[in-house]
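Structure file data05.cif; described as mmCIF, C-alpha atoms.
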```cif
data_start
#
loop_
_atom_site.group_PDB
_atom_site.id
_atom_site.type_symbol
_atom_site.label_atom_id
_atom_site.label_comp_id
_atom_site.auth_asym_id
_atom_site.auth_seq_id
_atom_site.Cartn_x
_atom_site.Cartn_y
_atom_site.Cartn_z
ATOM 1 C CA MET A 18 6.409 8.393 14.050
ATOM 2 C CA ASN A 19 4.121 6.883 16.684
ATOM 3 C CA ARG A 20 2.519 3.473 16.277
ATOM 4 C CA ALA A 21 -0.877 4.829 15.215
ATOM 5 C CA GLU A 22 0.697 6.894 12.426
ATOM 6 C CA LYS A 23 2.656 3.885 11.222
ATOM 7 C CA ILE A 24 -0.581 1.902 11.073
ATOM 8 C CA VAL A 25 -2.306 4.703 9.160
ATOM 9 C CA ASN A 26 0.554 4.624 6.636
ATOM 10 C CA GLN A 27 0.375 0.850 6.267
ATOM 11 C CA PHE A 28 -3.382 1.117 5.780
ATOM 12 C CA LEU A 29 -3.165 3.854 3.160
ATOM 13 C CA ALA A 30 -0.370 2.054 1.261
ATOM 14 C CA HIS A 31 -3.052 -0.467 0.304
ATOM 15 C CA ARG A 32 -6.324 1.453 0.644
ATOM 16 C CA LEU A 33 -5.285 4.182 -1.788
ATOM 17 C CA VAL A 34 -4.680 1.457 -4.375
ATOM 18 C CA THR A 35 -8.083 -0.086 -3.572
ATOM 19 C CA ASN A 36 -9.670 3.320 -4.102
ATOM 20 C CA GLU A 37 -7.825 3.799 -7.399
ATOM 21 C CA LEU A 38 -9.365 0.543 -8.618
ATOM 22 C CA ILE A 39 -12.807 1.591 -7.370
ATOM 23 C CA GLN A 40 -12.508 4.799 -9.397
ATOM 24 C CA LYS A 41 -12.495 2.626 -12.516
ATOM 25 C CA ILE A 42 -15.750 0.803 -11.697
ATOM 26 C CA GLU A 43 -18.629 2.340 -13.608
ATOM 27 C CA GLU A 44 -22.182 1.998 -12.328
ATOM 28 C CA GLY A 45 -23.007 -0.398 -15.160
ATOM 29 C CA HIS A 46 -20.462 -2.784 -13.657
ATOM 30 C CA TYR A 47 -21.630 -2.691 -10.022
ATOM 31 C CA GLN A 48 -23.414 -6.029 -10.433
ATOM 32 C CA TYR A 49 -20.451 -7.614 -12.246
ATOM 33 C CA GLN A 50 -19.527 -11.088 -11.004
ATOM 34 C CA PRO A 51 -16.517 -13.000 -12.339
ATOM 35 C CA ALA A 52 -18.335 -16.280 -11.594
ATOM 36 C CA PRO A 53 -21.889 -17.120 -10.473
ATOM 37 C CA THR A 54 -20.777 -17.711 -6.867
ATOM 38 C CA SER A 55 -18.567 -14.598 -6.651
ATOM 39 C CA MET A 56 -19.534 -11.458 -4.770
ATOM 40 C CA THR A 57 -20.683 -8.696 -7.104
ATOM 41 C CA ALA A 58 -18.251 -5.789 -7.489
ATOM 42 C CA GLN A 59 -20.559 -3.679 -5.330
ATOM 43 C CA LYS A 60 -20.768 -6.259 -2.588
ATOM 44 C CA LEU A 61 -17.011 -6.829 -2.601
ATOM 45 C CA VAL A 62 -16.205 -3.128 -2.325
ATOM 46 C CA THR A 63 -18.820 -2.583 0.380
ATOM 47 C CA HIS A 64 -17.470 -5.593 2.289
ATOM 48 C CA MET A 65 -13.917 -4.212 2.138
ATOM 49 C CA MET A 66 -14.941 -0.733 3.259
ATOM 50 C CA THR A 67 -17.188 -1.770 6.136
ATOM 51 C CA SER A 68 -14.898 -4.573 7.356
ATOM 52 C CA PHE A 69 -11.775 -2.494 7.881
ATOM 53 C CA TYR A 70 -13.808 0.202 9.604
ATOM 54 C CA LYS A 71 -15.315 -2.370 11.969
ATOM 55 C CA PHE A 72 -11.905 -3.926 12.680
ATOM 56 C CA ALA A 73 -10.534 -0.476 13.506
ATOM 57 C CA GLN A 74 -13.471 0.273 15.804
ATOM 58 C CA VAL A 75 -13.097 -3.056 17.627
ATOM 59 C CA ALA A 76 -9.392 -2.349 18.131
ATOM 60 C CA LYS A 77 -10.234 1.088 19.487
ATOM 61 C CA ILE A 78 -13.084 0.253 21.847
ATOM 62 C CA GLY A 79 -11.937 -3.215 22.871
ATOM 63 C CA ASN A 80 -15.068 -5.266 22.195
ATOM 64 C CA LEU A 81 -16.905 -6.897 19.300
ATOM 65 C CA GLU A 82 -19.937 -4.645 19.301
ATOM 66 C CA PRO A 83 -19.143 -3.063 15.862
ATOM 67 C CA PHE A 84 -19.239 -6.526 14.253
ATOM 68 C CA GLN A 85 -22.585 -7.269 15.856
ATOM 69 C CA SER A 86 -24.317 -4.130 14.670
ATOM 70 C CA PRO A 87 -27.058 -5.021 12.173
ATOM 71 C CA ALA A 88 -26.869 -1.685 10.320
ATOM 72 C CA GLU A 89 -26.496 -2.222 6.586
ATOM 73 C CA GLU A 90 -24.677 0.198 4.338
ATOM 74 C CA THR A 91 -27.025 2.234 2.172
ATOM 75 C CA GLU A 92 -24.584 4.417 0.197
ATOM 76 C CA SER A 93 -24.879 3.102 -3.339
ATOM 77 C CA ASN A 94 -22.171 5.142 -5.060
ATOM 78 C CA LEU A 95 -18.955 3.171 -4.657
ATOM 79 C CA GLN A 96 -16.609 6.130 -5.072
ATOM 80 C CA GLU A 97 -18.428 8.054 -2.337
ATOM 81 C CA LEU A 98 -18.559 4.981 -0.135
ATOM 82 C CA ALA A 99 -14.811 4.506 -0.538
ATOM 83 C CA GLU A 100 -14.039 8.116 0.228
ATOM 84 C CA SER A 101 -16.190 8.321 3.345
ATOM 85 C CA TYR A 102 -15.124 4.974 4.805
ATOM 86 C CA THR A 103 -11.458 5.630 4.132
ATOM 87 C CA GLU A 104 -11.700 8.933 5.992
ATOM 88 C CA LYS A 105 -13.641 7.421 8.915
ATOM 89 C CA THR A 106 -11.209 4.524 9.139
ATOM 90 C CA VAL A 107 -8.144 6.796 9.137
ATOM 91 C CA ASN A 108 -9.700 8.858 11.921
ATOM 92 C CA VAL A 109 -10.264 5.816 14.126
ATOM 93 C CA LEU A 110 -6.819 4.327 13.414
ATOM 94 C CA ARG A 111 -5.107 7.644 14.102
ATOM 95 C CA SER A 112 -6.861 7.924 17.479
ATOM 96 C CA ILE A 113 -5.704 4.538 18.785
ATOM 97 C CA THR A 114 -3.245 4.839 21.651
ATOM 98 C CA ASP A 115 -0.339 2.486 22.343
ATOM 99 C CA GLN A 116 -2.217 1.248 25.390
ATOM 100 C CA GLU A 117 -5.267 0.437 23.269
ATOM 101 C CA LEU A 118 -3.073 -1.348 20.699
ATOM 102 C CA ASP A 119 -1.733 -3.627 23.426
ATOM 103 C CA GLN A 120 -5.079 -4.453 25.020
ATOM 104 C CA ILE A 121 -6.195 -8.071 24.702
ATOM 105 C CA ILE A 122 -9.690 -8.214 23.216
ATOM 106 C CA ASP A 123 -12.039 -11.150 23.564
ATOM 107 C CA VAL A 124 -12.956 -11.713 19.928
ATOM 108 C CA SER A 125 -13.518 -15.438 20.394
ATOM 109 C CA ALA A 126 -17.141 -15.198 19.216
ATOM 110 C CA VAL A 127 -15.879 -14.205 15.752
ATOM 111 C CA PHE A 128 -12.219 -15.277 15.578
ATOM 112 C CA GLY A 129 -12.097 -18.127 18.081
ATOM 113 C CA GLU A 130 -9.571 -16.549 20.429
ATOM 114 C CA LYS A 131 -8.521 -13.491 22.392
ATOM 115 C CA LEU A 132 -6.186 -11.206 20.488
ATOM 116 C CA PRO A 133 -4.290 -7.964 21.050
ATOM 117 C CA ALA A 134 -5.863 -5.005 19.243
ATOM 118 C CA GLY A 135 -2.711 -4.548 17.160
ATOM 119 C CA GLN A 136 -3.041 -8.101 15.884
ATOM 120 C CA LEU A 137 -6.636 -7.433 14.831
ATOM 121 C CA ILE A 138 -5.486 -4.486 12.767
ATOM 122 C CA LYS A 139 -2.875 -6.696 11.117
ATOM 123 C CA MET A 140 -5.668 -9.147 10.240
ATOM 124 C CA ALA A 141 -7.707 -6.277 8.795
ATOM 125 C CA LEU A 142 -4.757 -5.301 6.622
ATOM 126 C CA GLU A 143 -4.345 -8.841 5.296
ATOM 127 C CA HIS A 144 -8.104 -8.966 4.636
ATOM 128 C CA GLU A 145 -7.826 -5.731 2.625
ATOM 129 C CA ILE A 146 -4.858 -7.024 0.590
ATOM 130 C CA HIS A 147 -6.654 -10.313 -0.111
ATOM 131 C CA HIS A 148 -9.808 -8.685 -1.407
ATOM 132 C CA LYS A 149 -7.879 -6.014 -3.293
ATOM 133 C CA GLY A 150 -6.197 -8.941 -5.041
ATOM 134 C CA ASN A 151 -9.676 -10.159 -6.017
ATOM 135 C CA LEU A 152 -10.649 -6.664 -7.155
ATOM 136 C CA PHE A 153 -7.640 -6.375 -9.480
ATOM 137 C CA VAL A 154 -8.999 -9.321 -11.476
ATOM 138 C CA TYR A 155 -12.532 -7.867 -11.525
ATOM 139 C CA VAL A 156 -11.295 -4.513 -12.826
ATOM 140 C CA ARG A 157 -9.082 -6.106 -15.471
ATOM 141 C CA GLU A 158 -12.069 -8.151 -16.614
ATOM 142 C CA MET A 159 -14.055 -4.912 -16.915
ATOM 143 C CA GLY A 160 -11.605 -3.976 -19.659
ATOM 144 C CA HIS A 161 -9.054 -1.874 -17.781
ATOM 145 C CA THR A 162 -5.461 -2.624 -18.646
ATOM 146 C CA GLU A 163 -3.609 0.252 -16.982
ATOM 147 C CA LEU A 164 -3.707 -0.813 -13.352
ATOM 148 C CA PRO A 165 -1.640 0.494 -10.432
ATOM 149 C CA PHE A 166 1.031 -1.473 -8.559
ATOM 150 C CA TYR A 167 -0.581 -3.422 -5.700
ATOM 151 C CA VAL A 168 0.948 -1.271 -2.980
ATOM 152 C CA ARG A 169 1.658 2.441 -2.905
ATOM 153 C CA LYS A 170 4.746 3.626 -1.112
ATOM 154 C CA GLN A 171 3.809 6.007 1.704
ATOM 155 C CA MET B 70 8.775 -19.226 19.696
ATOM 156 C CA ASN B 71 11.737 -17.499 18.046
ATOM 157 C CA ARG B 72 11.307 -14.879 15.322
ATOM 158 C CA ALA B 73 12.145 -17.253 12.461
ATOM 159 C CA GLU B 74 9.511 -19.755 13.611
ATOM 160 C CA LYS B 75 6.915 -16.984 13.867
ATOM 161 C CA ILE B 76 7.725 -15.962 10.300
ATOM 162 C CA VAL B 77 7.438 -19.566 9.110
ATOM 163 C CA ASN B 78 3.978 -19.728 10.707
ATOM 164 C CA GLN B 79 2.880 -16.445 9.121
ATOM 165 C CA PHE B 80 4.135 -17.712 5.758
ATOM 166 C CA LEU B 81 2.377 -21.075 6.020
ATOM 167 C CA ALA B 82 -0.894 -19.461 7.171
ATOM 168 C CA HIS B 83 -1.141 -18.102 3.632
ATOM 169 C CA ARG B 84 1.007 -20.477 1.560
ATOM 170 C CA LEU B 85 -0.962 -23.554 2.591
ATOM 171 C CA VAL B 86 -4.093 -21.841 1.280
ATOM 172 C CA THR B 87 -2.275 -20.930 -1.956
ATOM 173 C CA ASN B 88 -1.283 -24.559 -2.328
ATOM 174 C CA GLU B 89 -4.841 -25.726 -1.678
ATOM 175 C CA LEU B 90 -5.987 -23.539 -4.581
ATOM 176 C CA ILE B 91 -3.167 -24.843 -6.793
ATOM 177 C CA GLN B 92 -4.345 -28.399 -6.108
ATOM 178 C CA LYS B 93 -7.561 -27.489 -7.914
ATOM 179 C CA ILE B 94 -5.860 -26.290 -11.110
ATOM 180 C CA GLU B 95 -5.926 -29.012 -13.738
ATOM 181 C CA GLU B 96 -3.366 -29.067 -16.534
ATOM 182 C CA GLY B 97 -6.032 -28.052 -19.047
ATOM 183 C CA HIS B 98 -6.352 -24.769 -17.139
ATOM 184 C CA TYR B 99 -2.648 -23.872 -16.893
ATOM 185 C CA GLN B 100 -2.994 -21.382 -19.751
ATOM 186 C CA TYR B 101 -6.214 -19.884 -18.335
ATOM 187 C CA GLN B 102 -6.302 -16.074 -18.312
ATOM 188 C CA PRO B 103 -9.204 -14.116 -16.811
ATOM 189 C CA ALA B 104 -8.510 -11.287 -19.277
ATOM 190 C CA PRO B 105 -6.188 -10.943 -22.284
ATOM 191 C CA THR B 106 -3.648 -8.895 -20.288
ATOM 192 C CA SER B 107 -3.717 -11.161 -17.202
ATOM 193 C CA MET B 108 -0.950 -13.576 -16.304
ATOM 194 C CA THR B 109 -1.861 -17.164 -17.149
ATOM 195 C CA ALA B 110 -2.596 -19.398 -14.148
ATOM 196 C CA GLN B 111 0.748 -21.111 -14.690
ATOM 197 C CA LYS B 112 2.671 -17.849 -14.849
ATOM 198 C CA LEU B 113 0.907 -16.481 -11.770
ATOM 199 C CA VAL B 114 1.636 -19.573 -9.678
ATOM 200 C CA THR B 115 5.249 -19.730 -10.850
ATOM 201 C CA HIS B 116 5.661 -16.022 -10.058
ATOM 202 C CA MET B 117 4.298 -16.531 -6.534
ATOM 203 C CA MET B 118 6.503 -19.533 -5.828
ATOM 204 C CA THR B 119 9.756 -18.101 -7.173
ATOM 205 C CA SER B 120 9.197 -14.613 -5.729
ATOM 206 C CA PHE B 121 8.778 -15.605 -2.088
ATOM 207 C CA TYR B 122 11.766 -17.932 -2.348
ATOM 208 C CA LYS B 123 13.897 -15.109 -3.750
ATOM 209 C CA PHE B 124 12.704 -12.673 -1.065
ATOM 210 C CA ALA B 125 13.618 -15.226 1.612
ATOM 211 C CA GLN B 126 17.055 -15.771 0.096
ATOM 212 C CA VAL B 127 17.738 -12.027 -0.115
ATOM 213 C CA ALA B 128 16.733 -11.659 3.535
ATOM 214 C CA LYS B 129 19.066 -14.516 4.460
ATOM 215 C CA ILE B 130 22.162 -13.564 2.483
ATOM 216 C CA GLY B 131 21.786 -9.793 2.618
ATOM 217 C CA ASN B 132 22.087 -8.894 -1.037
ATOM 218 C CA LEU B 133 19.975 -8.822 -4.207
ATOM 219 C CA GLU B 134 21.790 -11.580 -6.071
ATOM 220 C CA PRO B 135 18.793 -14.017 -5.988
ATOM 221 C CA PHE B 136 16.667 -11.439 -7.835
ATOM 222 C CA GLN B 137 19.348 -10.975 -10.482
ATOM 223 C CA SER B 138 19.771 -14.628 -11.301
ATOM 224 C CA PRO B 139 18.547 -15.295 -14.857
ATOM 225 C CA ALA B 140 17.600 -18.937 -14.174
ATOM 226 C CA GLU B 141 14.073 -19.684 -15.332
ATOM 227 C CA GLU B 142 11.880 -22.233 -13.630
ATOM 228 C CA THR B 143 11.455 -25.383 -15.716
ATOM 229 C CA GLU B 144 9.152 -27.478 -13.496
ATOM 230 C CA SER B 145 5.899 -27.559 -15.425
ATOM 231 C CA ASN B 146 3.675 -29.405 -12.940
ATOM 232 C CA LEU B 147 2.202 -26.744 -10.688
ATOM 233 C CA GLN B 148 1.491 -29.047 -7.743
ATOM 234 C CA GLU B 149 5.099 -30.273 -7.725
ATOM 235 C CA LEU B 150 6.388 -26.732 -8.166
ATOM 236 C CA ALA B 151 4.317 -25.577 -5.186
ATOM 237 C CA GLU B 152 5.470 -28.437 -2.999
ATOM 238 C CA SER B 153 9.159 -28.043 -3.736
ATOM 239 C CA TYR B 154 9.215 -24.240 -3.482
ATOM 240 C CA THR B 155 7.202 -24.235 -0.265
ATOM 241 C CA GLU B 156 9.675 -26.642 1.289
ATOM 242 C CA LYS B 157 12.719 -24.711 0.072
ATOM 243 C CA THR B 158 11.224 -21.433 1.274
ATOM 244 C CA VAL B 159 10.408 -22.802 4.731
ATOM 245 C CA ASN B 160 13.974 -24.073 5.040
ATOM 246 C CA VAL B 161 15.462 -20.669 4.243
ATOM 247 C CA LEU B 162 13.025 -18.776 6.492
ATOM 248 C CA ARG B 163 13.643 -21.181 9.365
ATOM 249 C CA SER B 164 17.402 -20.658 9.099
ATOM 250 C CA ILE B 165 17.288 -16.860 9.367
ATOM 251 C CA THR B 166 18.803 -15.571 12.602
ATOM 252 C CA ASP B 167 17.627 -12.531 14.561
ATOM 253 C CA GLN B 168 20.817 -10.783 13.516
ATOM 254 C CA GLU B 169 20.088 -11.465 9.853
ATOM 255 C CA LEU B 170 16.499 -10.234 10.275
ATOM 256 C CA ASP B 171 17.789 -6.915 11.578
ATOM 257 C CA GLN B 172 20.447 -6.374 8.913
ATOM 258 C CA ILE B 173 19.817 -3.455 6.571
ATOM 259 C CA ILE B 174 19.992 -4.629 2.973
ATOM 260 C CA ASP B 175 20.648 -2.374 0.018
ATOM 261 C CA VAL B 176 17.729 -3.325 -2.229
ATOM 262 C CA SER B 177 17.546 0.098 -3.852
ATOM 263 C CA ALA B 178 18.154 -1.336 -7.338
ATOM 264 C CA VAL B 179 14.801 -3.160 -7.069
ATOM 265 C CA PHE B 180 12.823 -1.396 -4.304
ATOM 266 C CA GLY B 181 14.319 2.088 -4.351
ATOM 267 C CA GLU B 182 15.635 2.024 -0.787
ATOM 268 C CA LYS B 183 17.578 0.168 1.864
ATOM 269 C CA LEU B 184 15.421 -2.047 4.064
ATOM 270 C CA PRO B 185 15.844 -4.368 7.038
ATOM 271 C CA ALA B 186 15.597 -8.044 6.073
ATOM 272 C CA GLY B 187 12.518 -8.464 8.288
ATOM 273 C CA GLN B 188 10.746 -5.749 6.317
ATOM 274 C CA LEU B 189 11.527 -7.532 3.048
ATOM 275 C CA ILE B 190 9.890 -10.671 4.376
ATOM 276 C CA LYS B 191 6.823 -8.628 5.309
ATOM 277 C CA MET B 192 6.700 -7.335 1.727
ATOM 278 C CA ALA B 193 6.968 -10.914 0.457
ATOM 279 C CA LEU B 194 4.019 -11.889 2.630
ATOM 280 C CA GLU B 195 1.874 -9.037 1.295
ATOM 281 C CA HIS B 196 2.899 -10.001 -2.249
ATOM 282 C CA GLU B 197 1.752 -13.578 -1.579
ATOM 283 C CA ILE B 198 -1.599 -12.442 -0.127
ATOM 284 C CA HIS B 199 -2.183 -10.104 -3.072
ATOM 285 C CA HIS B 200 -1.572 -12.741 -5.720
ATOM 286 C CA LYS B 201 -3.453 -15.387 -3.745
ATOM 287 C CA GLY B 202 -6.371 -12.954 -3.884
ATOM 288 C CA ASN B 203 -5.995 -12.981 -7.679
ATOM 289 C CA LEU B 204 -5.783 -16.763 -7.712
ATOM 290 C CA PHE B 205 -9.043 -17.158 -5.775
ATOM 291 C CA VAL B 206 -10.869 -15.476 -8.664
ATOM 292 C CA TYR B 207 -9.054 -17.606 -11.256
ATOM 293 C CA VAL B 208 -9.973 -20.835 -9.458
ATOM 294 C CA ARG B 209 -13.593 -19.806 -8.995
ATOM 295 C CA GLU B 210 -13.774 -19.010 -12.708
ATOM 296 C CA MET B 211 -12.434 -22.500 -13.409
ATOM 297 C CA GLY B 212 -15.686 -23.742 -11.881
ATOM 298 C CA HIS B 213 -14.675 -24.446 -8.287
ATOM 299 C CA THR B 214 -17.146 -23.254 -5.703
ATOM 300 C CA GLU B 215 -15.843 -24.884 -2.515
ATOM 301 C CA LEU B 216 -12.875 -22.671 -1.734
ATOM 302 C CA PRO B 217 -10.920 -22.366 1.524
ATOM 303 C CA PHE B 218 -10.869 -19.322 3.813
ATOM 304 C CA TYR B 219 -8.127 -16.940 2.703
ATOM 305 C CA VAL B 220 -5.929 -17.608 5.726
ATOM 306 C CA ARG B 221 -5.325 -20.800 7.663
ATOM 307 C CA LYS B 222 -4.818 -20.558 11.377
ATOM 308 C CA GLN B 223 -1.404 -21.973 12.338
#
```
Please go through the file and, once you have read it, give me the structure as structure tokens.
Amino acid sequence: MNRAEKIVNQFLAHRLVTNELIQKIEEGHYQYQPAPTSMTAQKLVTHMMTSFYKFAQVAKIGNLEPFQSPAEETESNLQELAESYTEKTVNVLRSITDQELDQIIDVSAVFGEKLPAGQLIKMALEHEIHHKGNLFVYVREMGHTELPFYVRKQ
Amino acid sequence: MNRAEKIVNQFLAHRLVTNELIQKIEEGHYQYQPAPTSMTAQKLVTHMMTSFYKFAQVAKIGNLEPFQSPAEETESNLQELAESYTEKTVNVLRSITDQELDQIIDVSAVFGEKLPAGQLIKMALEHEIHHKGNLFVYVREMGHTELPFYVRKQ
């Protein structure tokens, strides 16, 4: 298995669990907040979907432009958002060459240092796991008790 | 930096944030549950602390014995629990040699397959990030609004 495929597998091991949780969020719960200062369920899911996609794009193209784009997400159905972003993200990750993974990217404007693209993807994965951990609590609070394991073996 | 020191840094980048959250949990909130089927705050923290320590021990000694030990944790103060387990875990991680990191361990009784010790430590790290993501929601629901970033640069 090449490095890109390994990364795709690591991504899906968590993202497919994220998407399973999202499947349980009904539209009446999109504005759900565990606490007044928490992100709403909709904002959290949108943040997870757009962030990993941007991380993957930065790793691919070697500059921060995707993080600087002002475009806001307009898809309001969370299941459709999850499906389309997961597919787009897999496509970018799968296309990343070993040479691109090893390139040092100047991400100091956002992350305070220059980092290899592969390291950025690792950060994206940790970001996904962190927020999926948040989402588990949200979904349990919505009344769901049958929840998946936090990682799915690929 | 040798591999063990890198692992210690990766561990502390997340564990120090976990511990910062634990500092905010007052004794009156130890039994707090976000939902009736959630772990209590005390159970969640104890699970995080004992799990990483066991993962580190398995990686070090090369067998599942630490996971099979029936000993229950009796320390009831979460701040003291966090401090002592973090120290013990760092000591084990720091002692792991490159040869031990590469050994294949038969963890099939728990994880369904044989895995290199280094891979087990990676799983422990993802487990920590996941549950820390849960804990962020717990602590925000306890009324705290000034929370740290989810990872601390080492």
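Closest to chain A among B:Pro103, B:Pro217, B:Gly131, B:Gly187 is B:Pro103, based on all atoms listed in the file.
Of the residues under consideration (B:Phe218, B:Leu113, B:Tyr122, B:Thr143), B:Leu113 shows the shortest atom-to-atom contact distance to Tyr101 of chain B when counting only C-alpha atoms.
Residues of chain B having any atom within 8 Å of chain A, counting all atoms listed in the file, are Pro103, Ala104, Thr106, Ser107, Glu195, Ile198, His199, His200, Lys201, Gly202, Asn203, Leu204, Phe205, Val206, Arg209, Glu210, Gly212, Thr214 and Tyr219 of chain B.
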For the residues in that selection, give me C-alpha atoms as a PDB file, keeping the file's coordinate frame.
```
ATOM      1  CA  PRO B 103      -9.204 -14.116 -16.811  1.00  0.00           C
ATOM      2  CA  ALA B 104      -8.510 -11.287 -19.277  1.00  0.00           C
ATOM      3  CA  THR B 106      -3.648  -8.895 -20.288  1.00  0.00           C
ATOM      4  CA  SER B 107      -3.717 -11.161 -17.202  1.00  0.00           C
ATOM      5  CA  GLU B 195       1.874  -9.037   1.295  1.00  0.00           C
ATOM      6  CA  ILE B 198      -1.599 -12.442  -0.127  1.00  0.00           C
ATOM      7  CA  HIS B 199      -2.183 -10.104  -3.072  1.00  0.00           C
ATOM      8  CA  HIS B 200      -1.572 -12.741  -5.720  1.00  0.00           C
ATOM      9  CA  LYS B 201      -3.453 -15.387  -3.745  1.00  0.00           C
ATOM     10  CA  GLY B 202      -6.371 -12.954  -3.884  1.00  0.00           C
ATOM     11  CA  ASN B 203      -5.995 -12.981  -7.679  1.00  0.00           C
ATOM     12  CA  LEU B 204      -5.783 -16.763  -7.712  1.00  0.00           C
ATOM     13  CA  PHE B 205      -9.043 -17.158  -5.775  1.00  0.00           C
ATOM     14  CA  VAL B 206     -10.869 -15.476  -8.664  1.00  0.00           C
ATOM     15  CA  ARG B 209     -13.593 -19.806  -8.995  1.00  0.00           C
ATOM     16  CA  GLU B 210     -13.774 -19.010 -12.708  1.00  0.00           C
ATOM     17  CA  GLY B 212     -15.686 -23.742 -11.881  1.00  0.00           C
ATOM     18  CA  THR B 214     -17.146 -23.254  -5.703  1.00  0.00           C
ATOM     19  CA  TYR B 219      -8.127 -16.940   2.703  1.00  0.00           C
TER      20      TYR B 219
END
```
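One finds atom CA of Leu118 of chain A at 6.7 Å from atom CA of Pro133 of chain A.
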Starting from 3 Å padding per side, set up an axis-aligned box that covers all listed atoms of segment 199-209 of chain B and hand over centre and edge lengths in Å, one decimal, as lines of an AutoDock Vina configuration file.
```
center_x = -7.6
center_y = -15.5
center_z = -7.2
size_x = 18.0
size_y = 16.7
size_z = 14.2
```
Can you pull out every residue within 10 Å of Ala99 of chain A, counting all atoms listed in the file, but drop anything in the same chain fewer than 4 positions away, and send it as a PyMOL selection string?
-> chain A and resi 32-33+35-37+39-40+62-63+65-67+92+94-95+103-105
Identify, on the basis of all atoms listed in the file, every residue whose closest approach to Val127 of chain A does not exceed 9 Å; exclude the query and any residue fewer than 2 positions from it along the same chain; express the result as a short mmCIF file (atom, residue, chain, number, x, y, z; two decimals) with C-alpha atoms, in the coordinates of the input.
```cif
data_model
loop_
_atom_site.label_atom_id
_atom_site.label_comp_id
_atom_site.auth_asym_id
_atom_site.auth_seq_id
_atom_site.Cartn_x
_atom_site.Cartn_y
_atom_site.Cartn_z
CA LEU A 81 -16.90 -6.90 19.30
CA PHE A 84 -19.24 -6.53 14.25
CA VAL A 124 -12.96 -11.71 19.93
CA SER A 125 -13.52 -15.44 20.39
CA GLY A 129 -12.10 -18.13 18.08
CA GLU A 130 -9.57 -16.55 20.43
#
```
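Coordinates place atom CA of Val161 of chain B at a distance of 13.2 Å from atom CA of Leu81 of chain B.
If you measure from each of A:Phe128, A:Phe28, A:Tyr47, A:Phe69 to Gln96 of chain A using all atoms listed in the file, the closest one turns out to be A:Tyr47.
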Selection dump of the PyMOL selection byres ((chain B and resi 74) around 12), as number ranges by chain | B: 70-73, 75-81, 159-167, 223
Taken to one decimal, the atom CA of Ser145 of chain B-atom CA of Lys191 of chain B distance is 28.1 Å
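Checking B:Asp175, B:Glu96, B:Glu149, B:Glu169 one by one against Ala128 of chain B, counting all atoms listed in the file, you find the shortest gap at B:Glu169.
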Considering all atoms listed in the file, state which residue in the set A:Lys71, A:His46, A:Lys77, A:Lys41 is at the smallest distance from Leu164 of chain A.
-> A:Lys41
Would you output segment 155-163 of chain B from that structure, restricted to N, CA, C and O atoms, as a PDB file, in the first residue's frame?
```pdb
ATOM      1  N   THR B 155       0.122  10.462  34.916  1.00  0.00           N
ATOM      2  CA  THR B 155       0.890  11.116  33.849  1.00  0.00           C
ATOM      3  C   THR B 155       2.378  10.867  34.071  1.00  0.00           C
ATOM      4  O   THR B 155       3.112  10.523  33.130  1.00  0.00           O
ATOM      5  N   GLU B 156       2.811  10.981  35.307  1.00  0.00           N
ATOM      6  CA  GLU B 156       4.224  10.748  35.603  1.00  0.00           C
ATOM      7  C   GLU B 156       4.626   9.294  35.327  1.00  0.00           C
ATOM      8  O   GLU B 156       5.643   9.028  34.677  1.00  0.00           O
ATOM      9  N   LYS B 157       3.810   8.368  35.802  1.00  0.00           N
ATOM     10  CA  LYS B 157       4.114   6.946  35.579  1.00  0.00           C
ATOM     11  C   LYS B 157       4.148   6.620  34.089  1.00  0.00           C
ATOM     12  O   LYS B 157       4.972   5.834  33.618  1.00  0.00           O
ATOM     13  N   THR B 158       3.216   7.210  33.344  1.00  0.00           N
ATOM     14  CA  THR B 158       3.124   6.914  31.912  1.00  0.00           C
ATOM     15  C   THR B 158       4.326   7.482  31.171  1.00  0.00           C
ATOM     16  O   THR B 158       4.907   6.806  30.305  1.00  0.00           O
ATOM     17  N   VAL B 159       4.720   8.708  31.509  1.00  0.00           N
ATOM     18  CA  VAL B 159       5.915   9.293  30.897  1.00  0.00           C
ATOM     19  C   VAL B 159       7.128   8.403  31.165  1.00  0.00           C
ATOM     20  O   VAL B 159       7.933   8.132  30.267  1.00  0.00           O
ATOM     21  N   ASN B 160       7.247   7.923  32.394  1.00  0.00           N
ATOM     22  CA  ASN B 160       8.417   7.099  32.729  1.00  0.00           C
ATOM     23  C   ASN B 160       8.468   5.824  31.891  1.00  0.00           C
ATOM     24  O   ASN B 160       9.535   5.436  31.416  1.00  0.00           O
ATOM     25  N   VAL B 161       7.326   5.189  31.706  1.00  0.00           N
ATOM     26  CA  VAL B 161       7.320   3.968  30.877  1.00  0.00           C
ATOM     27  C   VAL B 161       7.628   4.325  29.425  1.00  0.00           C
ATOM     28  O   VAL B 161       8.481   3.695  28.791  1.00  0.00           O
ATOM     29  N   LEU B 162       6.960   5.338  28.898  1.00  0.00           N
ATOM     30  CA  LEU B 162       7.172   5.702  27.478  1.00  0.00           C
ATOM     31  C   LEU B 162       8.641   6.047  27.237  1.00  0.00           C
ATOM     32  O   LEU B 162       9.233   5.646  26.240  1.00  0.00           O
ATOM     33  N   ARG B 163       9.214   6.799  28.162  1.00  0.00           N
ATOM     34  CA  ARG B 163      10.604   7.246  27.999  1.00  0.00           C
ATOM     35  C   ARG B 163      11.582   6.078  27.992  1.00  0.00           C
ATOM     36  O   ARG B 163      12.649   6.165  27.385  1.00  0.00           O
TER      37      ARG B 163
END
```
